[in-house]
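Shown next: final21.txt, containing compact mmCIF, C-alpha atoms (C1' of nucleotides).
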# COMPACT_ATOMS: atom_id res chain seq x y z
CA MET A 1 12.54 14.21 18.08
CA THR A 2 10.73 13.56 14.90
CA VAL A 3 8.45 16.49 15.62
CA ALA A 4 10.38 19.09 13.67
CA LEU A 5 10.83 16.68 10.81
CA ASN A 6 7.18 15.76 10.75
CA LYS A 7 6.15 19.38 10.85
CA THR A 8 8.32 20.20 7.89
CA ASP A 9 6.99 17.23 6.04
CA LYS A 10 3.38 18.21 6.62
CA ALA A 11 4.00 21.79 5.52
CA THR A 12 5.78 20.57 2.39
CA GLN A 13 3.04 18.04 1.79
CA ILE A 14 0.41 20.75 2.04
CA LEU A 15 2.33 23.09 -0.26
CA ASN A 16 2.72 20.33 -2.82
CA GLY A 17 -0.98 19.60 -2.76
CA ALA A 18 -1.79 23.27 -2.93
CA LEU A 19 0.53 23.71 -5.90
CA GLN A 20 -1.23 21.02 -7.90
CA GLU A 21 -4.65 22.41 -7.11
CA PHE A 22 -3.86 26.09 -7.67
CA LEU A 23 -2.03 25.35 -10.93
CA ALA A 24 -4.98 23.34 -12.19
CA HIS A 25 -7.92 25.44 -10.98
CA GLY A 26 -6.64 28.92 -10.22
CA TYR A 27 -6.99 30.77 -6.94
CA ALA A 28 -10.76 31.16 -6.65
CA GLY A 29 -11.38 27.81 -8.33
CA THR A 30 -9.42 25.92 -5.71
CA SER A 31 -11.11 24.69 -2.54
CA MET A 32 -9.37 24.10 0.74
CA ASP A 33 -11.14 20.75 0.86
CA ARG A 34 -9.38 19.59 -2.26
CA VAL A 35 -6.07 21.01 -1.13
CA ALA A 36 -6.34 18.96 2.05
CA THR A 37 -7.36 15.81 0.18
CA THR A 38 -4.64 16.16 -2.45
CA ALA A 39 -2.07 16.85 0.24
CA GLY A 40 -3.22 13.80 2.18
CA VAL A 41 -4.08 15.67 5.35
CA SER A 42 -7.27 16.95 6.92
CA LYS A 43 -8.54 20.46 6.54
CA PRO A 44 -7.79 21.65 10.09
CA THR A 45 -4.18 20.60 9.56
CA VAL A 46 -4.01 22.94 6.60
CA TYR A 47 -5.39 25.76 8.74
CA ASN A 48 -2.94 24.89 11.48
CA HIS A 49 -0.01 25.55 9.15
CA PHE A 50 -1.42 28.47 7.21
CA GLN A 51 -3.64 31.27 8.40
CA ASP A 52 -6.22 31.05 5.62
CA LYS A 53 -6.58 30.47 1.90
CA GLU A 54 -4.90 33.76 1.02
CA GLY A 55 -2.01 33.05 3.35
CA LEU A 56 -1.49 29.62 1.86
CA PHE A 57 -1.61 31.05 -1.66
CA ARG A 58 0.88 33.79 -0.87
CA ALA A 59 3.28 31.40 0.83
CA LEU A 60 3.01 28.99 -2.07
CA VAL A 61 3.60 31.47 -4.87
CA GLN A 62 6.55 33.06 -3.09
CA LYS A 63 8.16 29.70 -2.38
CA ILE A 64 7.67 28.45 -5.93
CA ALA A 65 8.93 31.68 -7.48
CA ARG A 66 12.03 31.62 -5.29
CA GLU A 67 12.87 27.94 -5.43
CA ARG A 68 11.31 25.82 -8.07
CA PHE A 69 11.46 27.92 -11.24
CA GLN A 70 14.74 29.70 -10.67
CA ILE A 71 17.09 29.91 -13.63
CA LYS A 72 19.65 27.15 -13.42
CA PHE A 73 22.29 28.42 -15.86
CA ASN A 74 24.35 31.58 -16.15
CA SER A 75 25.72 33.70 -18.95
CA GLU A 76 29.22 32.21 -18.77
CA THR A 77 27.81 29.01 -20.20
CA PHE A 78 27.49 30.92 -23.46
CA GLY A 79 30.90 32.46 -23.89
CA ASP A 80 31.89 31.99 -27.50
CA ALA A 81 31.00 33.80 -30.74
CA PRO A 82 27.46 35.25 -30.71
CA ALA A 83 26.64 33.78 -34.10
CA GLU A 84 26.72 30.42 -32.36
CA SER A 85 26.09 31.09 -28.70
CA LEU A 86 23.14 33.45 -29.06
CA PRO A 87 21.03 30.93 -30.98
CA ARG A 88 21.84 28.37 -28.32
CA LEU A 89 20.83 30.74 -25.54
CA LEU A 90 17.56 31.67 -27.25
CA ALA A 91 16.72 28.06 -28.07
CA LEU A 92 17.36 27.05 -24.47
CA MET A 93 15.02 29.78 -23.20
CA VAL A 94 12.23 28.80 -25.57
CA ASP A 95 12.60 25.10 -24.82
CA THR A 96 12.73 25.67 -21.09
CA ILE A 97 9.32 27.32 -21.23
CA ALA A 98 7.80 25.22 -23.98
CA ASP A 99 8.56 21.90 -22.29
CA ASP A 100 7.37 22.79 -18.80
CA ASP A 101 3.60 22.59 -18.34
CA ASP A 102 3.85 23.48 -14.68
CA TYR A 103 5.74 26.64 -15.51
CA GLN A 104 3.17 27.63 -18.12
CA ASN A 105 0.38 27.13 -15.60
CA PHE A 106 2.32 29.09 -13.02
CA VAL A 107 2.59 31.99 -15.48
CA ARG A 108 -1.14 31.74 -16.15
CA LEU A 109 -1.83 31.78 -12.43
CA VAL A 110 0.40 34.73 -11.57
CA ILE A 111 -0.75 36.87 -14.49
CA GLY A 112 -4.36 35.93 -13.87
CA GLU A 113 -4.13 37.01 -10.24
CA SER A 114 -1.81 39.98 -10.79
CA GLY A 115 -4.69 42.42 -10.44
CA ARG A 116 -5.84 41.00 -7.12
CA PHE A 117 -2.40 39.96 -5.79
CA PRO A 118 -0.04 42.66 -7.08
CA GLU A 119 2.69 41.83 -4.59
CA LEU A 120 2.81 38.24 -5.86
CA ALA A 121 3.22 39.56 -9.38
CA ARG A 122 6.12 41.64 -8.13
CA THR A 123 7.62 38.56 -6.49
CA PHE A 124 7.40 36.86 -9.87
CA VAL A 125 9.13 39.78 -11.57
CA THR A 126 11.82 39.92 -8.89
CA TYR A 127 12.70 36.23 -8.79
CA LEU A 128 11.97 35.10 -12.35
CA SER A 129 11.74 37.94 -14.88
CA LYS A 130 14.58 40.00 -13.51
CA PRO A 131 17.15 37.19 -13.24
CA GLY A 132 16.33 36.22 -16.82
CA LEU A 133 16.84 39.79 -17.88
CA GLU A 134 20.16 40.01 -16.03
CA LEU A 135 21.35 36.78 -17.58
CA MET A 136 20.74 38.25 -21.02
CA GLN A 137 22.24 41.58 -20.03
CA ASP A 138 25.39 39.88 -18.73
CA TYR A 139 25.62 37.95 -21.94
CA LEU A 140 25.35 41.10 -24.03
CA GLU A 141 27.97 42.91 -21.98
CA GLN A 142 30.40 40.02 -22.36
CA HIS A 143 30.33 40.41 -26.12
CA ALA A 144 32.01 43.39 -27.71
CA GLU A 145 29.60 43.32 -30.64
CA PHE A 146 26.85 44.78 -28.49
CA SER A 147 28.90 47.12 -26.35
CA ASP A 148 27.57 50.31 -27.90
CA ALA A 149 23.96 49.47 -27.09
CA ASP A 150 21.85 50.14 -24.00
CA SER A 151 22.27 46.59 -22.77
CA GLN A 152 19.40 46.72 -20.31
CA ALA A 153 16.90 47.93 -22.87
CA LEU A 154 18.26 45.56 -25.48
CA ALA A 155 18.04 42.63 -23.10
CA GLN A 156 14.38 43.45 -22.41
CA ILE A 157 13.68 43.50 -26.13
CA ILE A 158 15.27 40.10 -26.68
CA ILE A 159 13.72 38.47 -23.63
CA GLY A 160 10.43 40.07 -24.56
CA SER A 161 10.41 38.53 -27.99
CA VAL A 162 11.19 35.11 -26.50
CA VAL A 163 8.49 35.36 -23.88
CA TYR A 164 5.89 36.69 -26.32
CA MET A 165 6.59 33.82 -28.64
CA CYS A 166 6.03 31.31 -25.82
CA LEU A 167 2.96 33.22 -24.68
CA THR A 168 1.16 33.20 -28.01
CA GLN A 169 2.35 29.82 -29.23
CA TYR A 170 2.04 27.72 -26.06
CA ILE A 171 0.26 29.51 -23.24
CA LEU A 172 -2.47 30.95 -25.49
CA HIS A 173 -2.54 27.91 -27.80
CA GLY A 174 -1.96 30.06 -30.90
CA ARG A 175 0.31 27.74 -32.88
CA ASP A 176 -2.20 27.16 -35.65
CA ILE A 177 -3.32 30.78 -35.84
CA MET A 178 -0.02 32.68 -35.72
CA PRO A 179 2.57 30.06 -36.55
CA LEU A 180 6.21 30.83 -35.89
CA SER A 181 8.78 28.11 -35.56
CA LYS A 182 11.57 28.41 -33.05
CA GLU A 183 14.08 28.21 -35.91
CA ARG A 184 12.54 31.05 -37.90
CA TYR A 185 12.24 33.20 -34.82
CA ILE A 186 15.85 32.63 -33.81
CA GLU A 187 17.24 33.15 -37.28
CA THR A 188 15.42 36.45 -37.63
CA MET A 189 16.48 37.58 -34.18
CA ILE A 190 20.11 36.75 -34.93
CA GLY A 191 19.84 38.64 -38.20
CA LEU A 192 18.69 41.70 -36.29
CA MET A 193 21.39 41.44 -33.67
CA LEU A 194 24.34 40.82 -35.93
CA LYS A 195 23.87 43.57 -38.45
CA SER A 196 26.69 46.08 -38.73
CA PRO A 197 26.80 48.38 -35.73
CA ARG A 198 24.94 51.54 -36.49
CA THR A 199 26.64 54.40 -38.27
CA ASP A 200 23.98 56.81 -37.03
CA VAL A 201 21.48 55.83 -39.65
CA ALA A 202 18.92 56.22 -36.91
CA HIS A 203 19.51 59.94 -36.77
CA GLN A 204 19.37 60.46 -40.54
CA SER A 205 23.05 60.80 -41.28
CA MET B 1 -42.82 45.64 -31.21
CA THR B 2 -40.46 46.71 -28.51
CA VAL B 3 -39.80 43.08 -27.77
CA ALA B 4 -36.75 42.67 -29.96
CA LEU B 5 -35.36 45.97 -28.74
CA ASN B 6 -35.91 45.11 -25.12
CA LYS B 7 -34.36 41.73 -25.54
CA THR B 8 -31.27 43.23 -27.07
CA ASP B 9 -31.09 45.77 -24.31
CA LYS B 10 -31.31 43.16 -21.61
CA ALA B 11 -28.69 40.98 -23.23
CA THR B 12 -26.37 43.96 -23.60
CA GLN B 13 -27.11 45.01 -20.06
CA ILE B 14 -26.22 41.55 -18.79
CA LEU B 15 -23.03 41.42 -20.83
CA ASN B 16 -21.98 44.81 -19.51
CA GLY B 17 -22.56 43.72 -15.94
CA ALA B 18 -20.78 40.45 -16.58
CA LEU B 19 -17.83 42.30 -18.11
CA GLN B 20 -17.35 44.44 -15.02
CA GLU B 21 -17.58 41.47 -12.69
CA PHE B 22 -15.39 39.08 -14.66
CA LEU B 23 -12.72 41.75 -15.21
CA ALA B 24 -12.66 42.53 -11.50
CA HIS B 25 -12.93 39.05 -9.98
CA GLY B 26 -11.98 36.53 -12.64
CA TYR B 27 -14.08 33.61 -13.82
CA ALA B 28 -14.35 31.51 -10.66
CA GLY B 29 -14.40 34.58 -8.42
CA THR B 30 -17.50 35.97 -10.10
CA SER B 31 -20.95 35.00 -8.87
CA MET B 32 -24.06 34.99 -10.99
CA ASP B 33 -25.76 36.88 -8.16
CA ARG B 34 -23.42 39.80 -8.56
CA VAL B 35 -23.61 39.69 -12.33
CA ALA B 36 -27.39 40.01 -12.08
CA THR B 37 -27.20 42.82 -9.53
CA THR B 38 -24.56 44.76 -11.45
CA ALA B 39 -26.52 44.31 -14.66
CA GLY B 40 -29.69 45.52 -12.94
CA VAL B 41 -31.70 42.39 -13.67
CA SER B 42 -32.69 39.34 -11.70
CA LYS B 43 -30.86 36.08 -11.78
CA PRO B 44 -33.43 34.09 -13.75
CA THR B 45 -33.23 36.74 -16.46
CA VAL B 46 -29.53 36.06 -16.77
CA TYR B 47 -30.24 32.35 -17.11
CA ASN B 48 -32.93 33.10 -19.62
CA HIS B 49 -30.43 34.76 -21.95
CA PHE B 50 -27.44 32.52 -21.32
CA GLN B 51 -27.33 28.81 -20.69
CA ASP B 52 -25.10 28.91 -17.64
CA LYS B 53 -22.06 30.64 -16.20
CA GLU B 54 -19.72 29.09 -18.74
CA GLY B 55 -21.98 30.05 -21.62
CA LEU B 56 -22.16 33.63 -20.41
CA PHE B 57 -18.40 33.77 -20.00
CA ARG B 58 -17.73 32.39 -23.45
CA ALA B 59 -20.21 34.74 -25.10
CA LEU B 60 -18.74 37.68 -23.23
CA VAL B 61 -15.08 37.03 -24.03
CA GLN B 62 -15.81 36.39 -27.69
CA LYS B 63 -17.89 39.54 -28.03
CA ILE B 64 -15.34 41.70 -26.25
CA ALA B 65 -12.43 40.29 -28.23
CA ARG B 66 -14.25 40.88 -31.51
CA GLU B 67 -15.75 44.26 -30.80
CA ARG B 68 -14.44 46.30 -27.95
CA PHE B 69 -10.69 45.89 -28.12
CA GLN B 70 -10.22 45.73 -31.85
CA ILE B 71 -7.37 47.77 -33.28
CA LYS B 72 -8.70 51.08 -34.56
CA PHE B 73 -5.83 52.22 -36.81
CA ASN B 74 -4.04 50.72 -39.79
CA SER B 75 -0.53 50.73 -41.14
CA GLU B 76 -1.19 53.43 -43.70
CA THR B 77 -1.43 55.94 -40.87
CA PHE B 78 2.32 55.50 -40.53
CA GLY B 79 3.55 56.01 -44.05
CA ASP B 80 6.61 58.23 -43.86
CA ALA B 81 10.26 57.60 -42.97
CA PRO B 82 10.73 54.82 -40.41
CA ALA B 83 13.05 56.92 -38.27
CA GLU B 84 9.97 58.98 -37.46
CA SER B 85 6.98 56.74 -38.08
CA LEU B 86 8.25 53.65 -36.28
CA PRO B 87 8.72 55.46 -32.96
CA ARG B 88 5.22 56.86 -33.35
CA LEU B 89 3.77 53.43 -34.04
CA LEU B 90 5.56 51.84 -31.07
CA ALA B 91 4.62 54.67 -28.74
CA LEU B 92 0.99 54.38 -29.79
CA MET B 93 0.98 50.65 -29.08
CA VAL B 94 2.53 51.09 -25.65
CA ASP B 95 0.19 53.94 -24.72
CA THR B 96 -2.87 52.09 -25.97
CA ILE B 97 -2.15 49.28 -23.53
CA ALA B 98 -0.72 51.34 -20.68
CA ASP B 99 -3.70 53.70 -20.51
CA ASP B 100 -6.45 51.09 -20.66
CA ASP B 101 -7.13 49.37 -17.34
CA ASP B 102 -9.97 47.35 -18.81
CA TYR B 103 -7.70 45.99 -21.50
CA GLN B 104 -5.05 45.04 -18.95
CA ASN B 105 -7.66 43.21 -16.89
CA PHE B 106 -8.97 41.51 -20.00
CA VAL B 107 -5.46 40.26 -20.75
CA ARG B 108 -5.15 39.02 -17.16
CA LEU B 109 -8.47 37.24 -17.47
CA VAL B 110 -7.79 35.55 -20.81
CA ILE B 111 -4.29 34.43 -19.89
CA GLY B 112 -5.44 33.31 -16.46
CA GLU B 113 -8.18 31.16 -17.98
CA SER B 114 -6.23 30.03 -21.05
CA GLY B 115 -5.57 26.63 -19.51
CA ARG B 116 -9.22 25.96 -18.73
CA PHE B 117 -10.72 27.82 -21.74
CA PRO B 118 -8.22 27.24 -24.55
CA GLU B 119 -10.68 28.18 -27.28
CA LEU B 120 -11.18 31.61 -25.69
CA ALA B 121 -7.43 32.09 -25.70
CA ARG B 122 -7.46 31.25 -29.41
CA THR B 123 -10.25 33.77 -29.94
CA PHE B 124 -8.02 36.34 -28.26
CA VAL B 125 -5.11 35.45 -30.52
CA THR B 126 -7.30 35.52 -33.62
CA TYR B 127 -9.01 38.84 -33.02
CA LEU B 128 -6.40 40.79 -31.06
CA SER B 129 -2.88 39.39 -31.33
CA LYS B 130 -3.02 38.48 -34.98
CA PRO B 131 -4.41 41.81 -36.25
CA GLY B 132 -1.71 43.61 -34.27
CA LEU B 133 0.88 41.38 -35.85
CA GLU B 134 -0.52 41.98 -39.33
CA LEU B 135 -0.55 45.72 -38.78
CA MET B 136 3.15 45.59 -37.96
CA GLN B 137 3.84 43.23 -40.82
CA ASP B 138 2.07 45.53 -43.29
CA TYR B 139 4.06 48.43 -41.95
CA LEU B 140 7.34 46.58 -42.42
CA GLU B 141 6.44 45.52 -45.94
CA GLN B 142 5.59 49.08 -46.91
CA HIS B 143 9.11 50.22 -46.08
CA ALA B 144 11.97 49.21 -48.34
CA GLU B 145 14.44 49.30 -45.45
CA PHE B 146 13.05 46.04 -44.12
CA SER B 147 12.32 44.26 -47.35
CA ASP B 148 15.08 41.70 -47.00
CA ALA B 149 13.80 40.41 -43.66
CA ASP B 150 11.27 37.71 -42.80
CA SER B 151 8.56 40.29 -42.13
CA GLN B 152 6.30 37.91 -40.22
CA ALA B 153 9.01 36.81 -37.83
CA LEU B 154 10.33 40.34 -37.49
CA ALA B 155 6.86 41.66 -36.74
CA GLN B 156 6.46 39.07 -33.97
CA ILE B 157 9.76 40.14 -32.46
CA ILE B 158 8.77 43.80 -32.44
CA ILE B 159 5.24 43.24 -31.15
CA GLY B 160 6.65 40.81 -28.62
CA SER B 161 8.99 43.38 -27.18
CA VAL B 162 6.16 45.90 -26.93
CA VAL B 163 3.82 43.46 -25.24
CA TYR B 164 6.47 42.15 -22.86
CA MET B 165 7.26 45.68 -21.80
CA CYS B 166 3.60 46.34 -21.02
CA LEU B 167 3.30 42.98 -19.31
CA THR B 168 6.18 43.47 -16.88
CA GLN B 169 5.77 47.20 -16.34
CA TYR B 170 1.99 47.50 -16.04
CA ILE B 171 0.21 44.19 -15.82
CA LEU B 172 2.73 42.65 -13.40
CA HIS B 173 3.42 45.96 -11.61
CA GLY B 174 7.17 45.68 -12.20
CA ARG B 175 8.01 49.34 -12.83
CA ASP B 176 10.08 49.74 -9.69
CA ILE B 177 11.84 46.39 -10.05
CA MET B 178 12.74 46.32 -13.75
CA PRO B 179 12.41 49.93 -14.84
CA LEU B 180 12.35 50.71 -18.54
CA SER B 181 10.93 53.92 -19.86
CA LYS B 182 8.98 54.00 -23.07
CA GLU B 183 11.54 56.39 -24.53
CA ARG B 184 14.53 54.18 -23.76
CA TYR B 185 12.74 51.13 -25.08
CA ILE B 186 11.76 52.84 -28.32
CA GLU B 187 15.15 54.39 -28.92
CA THR B 188 16.87 51.04 -28.48
CA MET B 189 14.35 49.28 -30.71
CA ILE B 190 14.83 51.90 -33.44
CA GLY B 191 18.57 51.51 -33.12
CA LEU B 192 18.21 47.79 -33.74
CA MET B 193 15.89 48.24 -36.69
CA LEU B 194 17.77 50.94 -38.51
CA LYS B 195 21.25 49.49 -38.50
CA SER B 196 22.77 48.91 -41.90
CA PRO B 197 21.25 45.91 -43.60
CA ARG B 198 23.37 42.87 -42.93
CA THR B 199 26.40 42.17 -45.04
CA ASP B 200 26.44 38.57 -43.86
CA VAL B 201 28.13 39.34 -40.61
CA ALA B 202 25.85 36.72 -39.20
CA HIS B 203 27.70 34.02 -41.02
CA GLN B 204 31.15 35.21 -40.05
CA SER B 205 32.17 37.02 -43.21
C1' DG C 1 -39.86 37.34 -20.51
C1' DT C 2 -39.25 38.74 -16.01
C1' DC C 3 -39.59 38.45 -11.26
C1' DT C 4 -39.77 36.44 -5.92
C1' DA C 5 -38.64 32.74 -3.49
C1' DT C 6 -36.28 28.68 -2.89
C1' DA C 7 -33.82 24.06 -3.51
C1' DT C 8 -29.39 22.07 -3.32
C1' DC C 9 -24.78 22.05 -2.74
C1' DT C 10 -20.22 23.36 -1.60
C1' DA C 11 -17.21 26.92 0.09
C1' DG C 12 -14.07 28.72 4.03
C1' DA C 13 -13.32 28.20 8.58
C1' DT C 14 -13.59 26.11 13.48
C1' DA C 15 -14.95 23.40 18.09
C1' DG C 16 -13.64 19.92 20.65
C1' DA C 17 -11.95 14.98 21.18
C1' DC C 18 -7.58 12.66 21.37
C1' DG D 1 -0.61 18.67 16.19
C1' DT D 2 -4.02 16.12 14.02
C1' DC D 3 -8.43 14.38 13.30
C1' DT D 4 -14.13 13.95 12.92
C1' DA D 5 -17.95 16.52 12.74
C1' DT D 6 -20.10 20.80 12.03
C1' DC D 7 -21.37 25.87 11.50
C1' DT D 8 -22.59 29.52 8.38
C1' DA D 9 -22.49 31.92 4.25
C1' DG D 10 -22.76 32.15 -0.42
C1' DA D 11 -22.61 29.50 -4.76
C1' DT D 12 -25.29 27.68 -9.17
C1' DA D 13 -29.48 26.89 -10.86
C1' DT D 14 -34.69 26.58 -11.06
C1' DA D 15 -40.06 26.40 -9.89
C1' DG D 16 -43.85 28.86 -10.31
C1' DA D 17 -46.48 33.45 -10.12
C1' DC D 18 -47.38 37.27 -13.21

Once you've parsed the file, please lay out its structure as C-alpha cells.
Amino acid sequence: MTVALNKTDKATQILNGALQEFLAHGYAGTSMDRVATTAGVSKPTVYNHFQDKEGLFRALVQKIARERFQIKFNSETFGDAPAESLPRLLALMVDTIADDDDYQNFVRLVIGESGRFPELARTFVTYLSKPGLELMQDYLEQHAEFSDADSQALAQIIIGSVVYMCLTQYILHGRDIMPLSKERYIETMIGLMLKSPRTDVAHQS
Amino acid sequence: MTVALNKTDKATQILNGALQEFLAHGYAGTSMDRVATTAGVSKPTVYNHFQDKEGLFRALVQKIARERFQIKFNSETFGDAPAESLPRLLALMVDTIADDDDYQNFVRLVIGESGRFPELARTFVTYLSKPGLELMQDYLEQHAEFSDADSQALAQIIIGSVVYMCLTQYILHGRDIMPLSKERYIETMIGLMLKSPRTDVAHQS
DNA sequence: GTCTATATCTAGATAGAC
DNA sequence: GTCTATCTAGATATAGAC
C-alpha cells in the first residue's frame, strides 16, 4: 500500500541528494558514497533505483531541466509599450539568473559536461534556452515596432546579451574586472531596440 | 648547461600533456597518471615541477589563458565603413570560436570549474573576455556612427550575442534545436546597429 | 632531476542477509 | 527493497635508487 509511495519518496530523495552533490562537485567530482549519504539512504539503494553513476546523472539533469528551472512567466505578462515593458522583461531575466545560485551551478555543470554528455546539453537547450528564446520572440512579434525584423534572430541577440552579462558578471565572477550594471545594460539595449526603424541605411542608401 | 633548457622542456612537455587531458576529461576526471603518460614523463617528475594536481591545473589555465588563446588582431584591421567592416569583424569572431575545438573545450573547462576555481574564471575574464570587449569597444569608438552610445555597454551587448550564438550552437550542440546561421545572425545585428540614431523614440517623443 | 616501486586511500559497484 | 560488509580498480602522492 505504501510501497509505491515509499518508492517514489526514495527516488526523489536520491535525486535531491544527487542534485546537491553534482551541483557542488561536478560529475567526476561526485562520489556515489556521498550521494547516498546526502540522500539519507545506503549505496545499494541508489544502485537499485539507478543503473549506475551515468544513469543517475542523466536522469537528474533531464528531470531538473524539465521541471525545476522551467520559465514560469509568458510574454503576455509584458503587453504594454516596449519602452516600459522591455526593460521590465530584461530586468526580470537578469534577476532570475543573478539571484539563483542553484541555477548558476546548474549552468556550470551542463556547460562543463557538454563535451562528454552532448545529449544533456541538448536537453538543456530544448527545455531552457529554447523556451526563453520563444518567450522573447513572442514578445517581439506582439509589438508592431519590431515587426519588420527577423524576430528569431533578434530574439537570440537580445537573450544572448542577457545571458552573456550573467555569465561574465556572476558565473565567471567578473564584476570587478568588466563591470556593467543591470541598469546601464538595459538602458543601452533599449536604446538599440527603439531607434527609428531602418530606412535601408544598412544597404548604403 | 643544458639543465635550464631541459627543465623548460620538461615543464612545457608536462603542461602540454596536462592540457590535452584536462580539456578532454575535466579537472576531476583527469588523473595524474594519465597526465604523466601523455606528457611522456613519470609521475614523480610531474610532482617535481608542480606542487600537486591543483597547482598544475592553476598553472596550466593561467598560462593557456595568457598565451595560447589571446586575440591576435586589433580594431584597426577593421577601419572602413561599418556596413562592411562590422560584418567582417563579427564573422571573424564567430569563425574563430566555431573552428577551434580546443578553445570550445577550454571554455567548457573554465565555466565548469568556475564555482570551485573562481580565480581561474577571473583570469579567463581578464585575459580573454576583456580584451575581446575592448577590441569591440575600440572599434565602436573609431566609428562616428556609434559615438552617441555607451560604447562599453554596447560592446558587451554585441560580444554577448556573438558568444551566446557560439555557446548554444557549438558548445551546447544546439544547432538542430535552435538553428541560427551566421549570416542571419550578422545581418540582423547589422540591421540593429545601423538604424538611424535615436531621435528620442525611447522616451515616447 | 628523473625514474621504479609502492603506500594509502577512496572510487564505483555488488553479494548476500533480512 | 533495503541494508552491512566487501571486492577490485584506480586515484593522489611519495620513498629511495640512480

For Leu135 in chain B: contacts at 12 Å, all atoms listed in the file, fewer than 5 positions along chain excluded, given as a PyMOL selection string: chain B and resi 70-78+89-90+93+128-130+140-142+151-152+155-156+158-159

Find the residues of chain A in contact range of chain C, meaning any atom within 9 Å when counting all atoms listed in the file, and list them as a list of chain:residue names.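 Only these qualify: A:Ser31, A:Met32, A:Asp33, A:Pro44, A:Tyr47, A:Asp52, A:Lys53.
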
Using all atoms listed in the file, determine which residues of chain A fall within 9 Å of chain D; present them as a ChimeraX atom specification. /A:7,41-42,44-45,48

Considering only C-alpha atoms, state which residue in the set B:Gln20, B:Lys195, B:Ile190, B:Ala11 is at the smallest distance from Asn105 in chain B. B:Gln20

Nearest residue to chain A out of B:Phe57, B:Tyr139, B:Phe124, B:Phe69, using all atoms listed in the file? B:Phe124

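For the residues A:Glu145, A:Glu21, A:Glu54, A:Asp138, ranking by smallest atom-to-atom distance to Pro82 in chain A using all atoms listed in the file places A:Glu145 first.
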
Which protein, DNA or RNA residues have an atom at most 7 Å from (-24.7, 49.1, -16.9), counting all atoms listed in the file? List them as a PDB file with C-alpha atoms, in the coordinates of the input.
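Output below, filename part-v4.pdb:
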ATOM      1  CA  GLN B  13     -27.110  45.010 -20.060  1.00  0.00           C
ATOM      2  CA  ASN B  16     -21.980  44.810 -19.510  1.00  0.00           C
ATOM      3  CA  GLY B  17     -22.560  43.720 -15.940  1.00  0.00           C
ATOM      4  CA  THR B  38     -24.560  44.760 -11.450  1.00  0.00           C
ATOM      5  CA  ALA B  39     -26.520  44.310 -14.660  1.00  0.00           C
TER       6      ALA B  39
END

Interatomic distance, CA of Ile157 in chain A to CA of Tyr164 in chain B (Å, one decimal): 8.0 Å

Mind listing as a short mmCIF file (atom, residue, chain, number, x, y, z; two decimals) with C-alpha atoms, keeping the file's coordinate frame which residues of chain A are within 6 Å of chain B, counting all atoms listed in the file?
data_model
loop_
_atom_site.label_atom_id
_atom_site.label_comp_id
_atom_site.auth_asym_id
_atom_site.auth_seq_id
_atom_site.Cartn_x
_atom_site.Cartn_y
_atom_site.Cartn_z
CA ALA A 28 -10.76 31.16 -6.65
CA GLY A 29 -11.38 27.81 -8.33
CA ALA A 83 26.64 33.78 -34.10
CA ARG A 108 -1.14 31.74 -16.15
CA LEU A 109 -1.83 31.78 -12.43
CA ILE A 111 -0.75 36.87 -14.49
CA GLY A 112 -4.36 35.93 -13.87
CA SER A 114 -1.81 39.98 -10.79
CA ALA A 121 3.22 39.56 -9.38
CA ARG A 122 6.12 41.64 -8.13
CA ALA A 153 16.90 47.93 -22.87
CA ILE A 157 13.68 43.50 -26.13
CA GLY A 160 10.43 40.07 -24.56
CA SER A 161 10.41 38.53 -27.99
CA TYR A 164 5.89 36.69 -26.32
CA LEU A 172 -2.47 30.95 -25.49
CA GLY A 174 -1.96 30.06 -30.90
CA TYR A 185 12.24 33.20 -34.82
CA LEU A 194 24.34 40.82 -35.93
CA LYS A 195 23.87 43.57 -38.45
CA SER A 196 26.69 46.08 -38.73
CA ARG A 198 24.94 51.54 -36.49
CA ALA A 202 18.92 56.22 -36.91
#

Enter the distance from CA of Val46 in chain A to CA of Tyr103 in chain A, in Å, rounded to one decimal. 24.4 Å

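If all atoms listed in the file are the atoms counted, then among B:Gln137, B:Leu19, B:Pro87, B:Gly79 the closest residue to Arg58 in chain B is B:Leu19.
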
What does the distance from CA of Lys63 in chain B to CA of Lys43 in chain B come to in Å, to one decimal?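 Answer for the CA of Lys63 in chain B to CA of Lys43 in chain B separation: 21.1 Å.
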